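Asker: I have a structure here, written as structure tokens, and I will follow up with some questions on it.
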Amino acid sequence: MLPLLPFSGGAFLGFVLGANDAGNVFGTAVATRIVSFRTATILASIAIIVGAFLQGSHGMATLKSLTQSYSMTTLTVITMTAAFAVSVMTFLHLPVSASQAIIGSITGVGLATGTVNYYLLEKVIICWLATPVAAMVIACVVYFILSAAMRYIPMSILARDNFLWSSLIIVGVYGSYALGANNVANATGIFSGQFESVSDTHLALIGGGAIAAGVLTYSKRVMMMVGSGIMPLDAFTSLVAVLAMSITVHIFAMLGVPVSTSQGIIGAIIGVGIMQQSNSIHLRSLSTIVVGWIMTPVLALILSAAGFAIFVK
Amino acid sequence: MFFISKKSKIEDHLAQYRKELLLCMNLFRQAMAQYIKDTDHDVFKAKFRQIHKAESKADDIRGEIEVLMYSKGIFPESRGDVMILLEFMDKVPNQIEAAARLAINQFVTVPDIIANSVAELLYVGQRCVEAMLDGSAALFDNYTAAVVPVGKVDELESQADHIQDHIIEIIFSNPDIKDFDKIMLRDLINYIANITDRCENVGDRIRVIAAKRSV
């Protein structure tokens, strides 16, 4: 039988992750009515579960290395404080990363117990910092290649629409796959190796299912908002940004480091802005995003250390 | 496959629309050429009916395109762009019909002194319509190349303006033409020259549509 209380925290994290992060892959396409919300969510949900099932194990192995053999109460503290930190950040309208929340919570408990794996934590933090930078560089390369192709391949404006429409769906599905593969560890990775009766495959399916549930039920508002935050995107720039983010997140999924799709998409959008020599990047939005990036793990760390001190010690 | 067939259906309709628009201009030029030589109202009326028929057919095709544009796979932005383009293009056959109607209803007679210049204005007008149609066709073939014929439209429009000014100057400096006829002739010349102005407006739209998609 599943240990329900700690799992509910993980499932809630997965749910919030799905509700927030689906906007990063299908947001612009849905907001600009290129793809219907129903089509986007169904495709995203299936791809997320497939990604979690096929490639989610790498990220789970990383989370497993960061954790010890915890008691039920400790697991509950970690998942619940991470979920609470995500909720607080969402309430404050700050961009939130479930990866940072869960790692922050694990580190909080690790500091309280003196069991922090600093080597691995350093690797994860470097990957977090590298995510927007990598996405930005990949976006520049993708922009260069795609724009050259679109300039030199003769096509009508309607053929261009067809191309972008099909590409946005394919890339959206790929991005959802990468999201599932990379981020499932945030939802249920902490339970890896904690219970004999629960395998990583079970965890991947539960986590993938929780993320998919978030996408199917609560992602509409975020999807409609995405794209207007940092700079306005059209179909082409949206395709470049989502593809760059998906490649980046997929690479990190293969490396076994859970990263944030929000950070990926923001880096990718900045890359697009650089290529377009755009002066429409909203610096104020960027500073809010950076504050969110710093606050999420710090808040989760403080909450979990406090939670551990109150409920476990 | 469904979207590809919708797309080719729209493109076929647009090609048909352009064909009717060109027919309108050809008929008008032929009618005016005949009218300048021999002011036979019955012959001109017969031609006018043909122009009106072509203009109505173009209107019908435009309506069908508008319905087709609401299919899936066409971005709302492109839908809006094509609708606006059609709205601007539609003003060209309307202007042609209006010029023909003016000549026929007000029994305007073109004096020999300006006959050649009017024929030249009509020729430039026809070339301008053709260039405008080439530009709009390019949007549905290779949109990056659409600006080339649009440049030609601007050139021809400016040429038409010069001819228009020249004709009006001749009309008003000629004591043999009655004052009332002068006004009617001026209106007719302005109506004909306005065809190129309408083409220029279409050209501007084409330029905007292509620029919006430049990467």
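If you're wondering about the labels, chains in the structure tokens are A, B, ... by order shown, residues count from 1 in each chain, ligands from 1 in order shown.
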Counting only C-alpha atoms, which residues of chain A come no farther than 8 Å from chain B, as a PyMOL selection string?
Answerer: chain A and resi 32-34+147+150-151+154-159+161-162+165
Asker: Could you pull the residues within 10 Å of Arg62 in chain B, counting only C-alpha atoms, minus those fewer than 2 positions along the same chain, as a list in words?
Answerer: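 Close residues of Arg62 in chain B: His13, Leu14, Gln16, Tyr17, Ser56, Lys57, Ala58, Asp59, Asp60, Glu64, Ile65, Glu66, Val67, Leu68, Met83, Leu86, Glu87, Met89 and Asp90 of chain B.
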Asker: Could you check the closest approach to Tyr119 in chain A for each of A:Asn183, A:Thr74, A:Leu66, A:Gly14 and tell me which residue wins, using only C-alpha atoms?
Answerer: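 With only C-alpha atoms as the atom set, the closest residue is A:Leu66.
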Asker: Near Cys24 in chain B, within 12 Å and counting only C-alpha atoms, which residues show up once chain neighbours fewer than 3 positions away are dropped, as a ChimeraX atom specification?
Answerer: /B:17-21,27-31,47-59,90,92-100,125-126,129-130,195
Asker: Find the residues near Thr196 in chain B: any atom within 8 Å, counting only C-alpha atoms, skip ones fewer than 3 places away on the same chain, and give them as an MDAnalysis selection string.
Answerer: chainID B and resid 125 128:129 153 156:157 160 192:193 199:200
Asker: Any idea what's packed within 7 Å of range 186-195 of chain A, counting only C-alpha atoms, ignoring anything in its chain fewer than 4 positions away? Could you give it as a list in words?
Answerer: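 Contacts, with the query itself left out: Gly10, Ala11, Leu13, Gly14, Met60, Leu63, Lys64, Ser69, Ala98, Ser99, Ile102, Asp200, Leu203, Gly207 and Pro258 of chain A.
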Asker: Could you give me the residues within range 67-256 of chain A that DSSP places in alpha helix (DSSP H), as a ChimeraX atom specification?
Answerer: /A:72-91,98-113,118-152,157-188,200-218,220-225,235-255
Asker: Counting only C-alpha atoms, figure out which residue out of A:Met80, A:Leu5, A:Val137, A:Met89 gets nearest to Thr296 in chain A.
Answerer: A:Met89
Asker: In terms of the shortest atom-to-atom distance over only C-alpha atoms, which of A:Gly59, A:Gly51, A:Gly172, A:Gly264 is closest to Ala22 in chain A?
Answerer: A:Gly172
Asker: I'd like to know which of A:Met231, A:Leu239, A:Ile106, A:Ala85 is closest to Asn279 in chain A, using only C-alpha atoms.
Answerer: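 Checking each of A:Met231, A:Leu239, A:Ile106, A:Ala85 against Asn279 in chain A, counting only C-alpha atoms, the winner is A:Met231.
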Asker: Restricting the calculation to only C-alpha atoms: of A:Val141, A:Leu54, A:Leu4, A:Val16, which residue gets closest to Val88 in chain A?
Answerer: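 Among the listed residues, the smallest separation from Val88 in chain A belongs to A:Val16.
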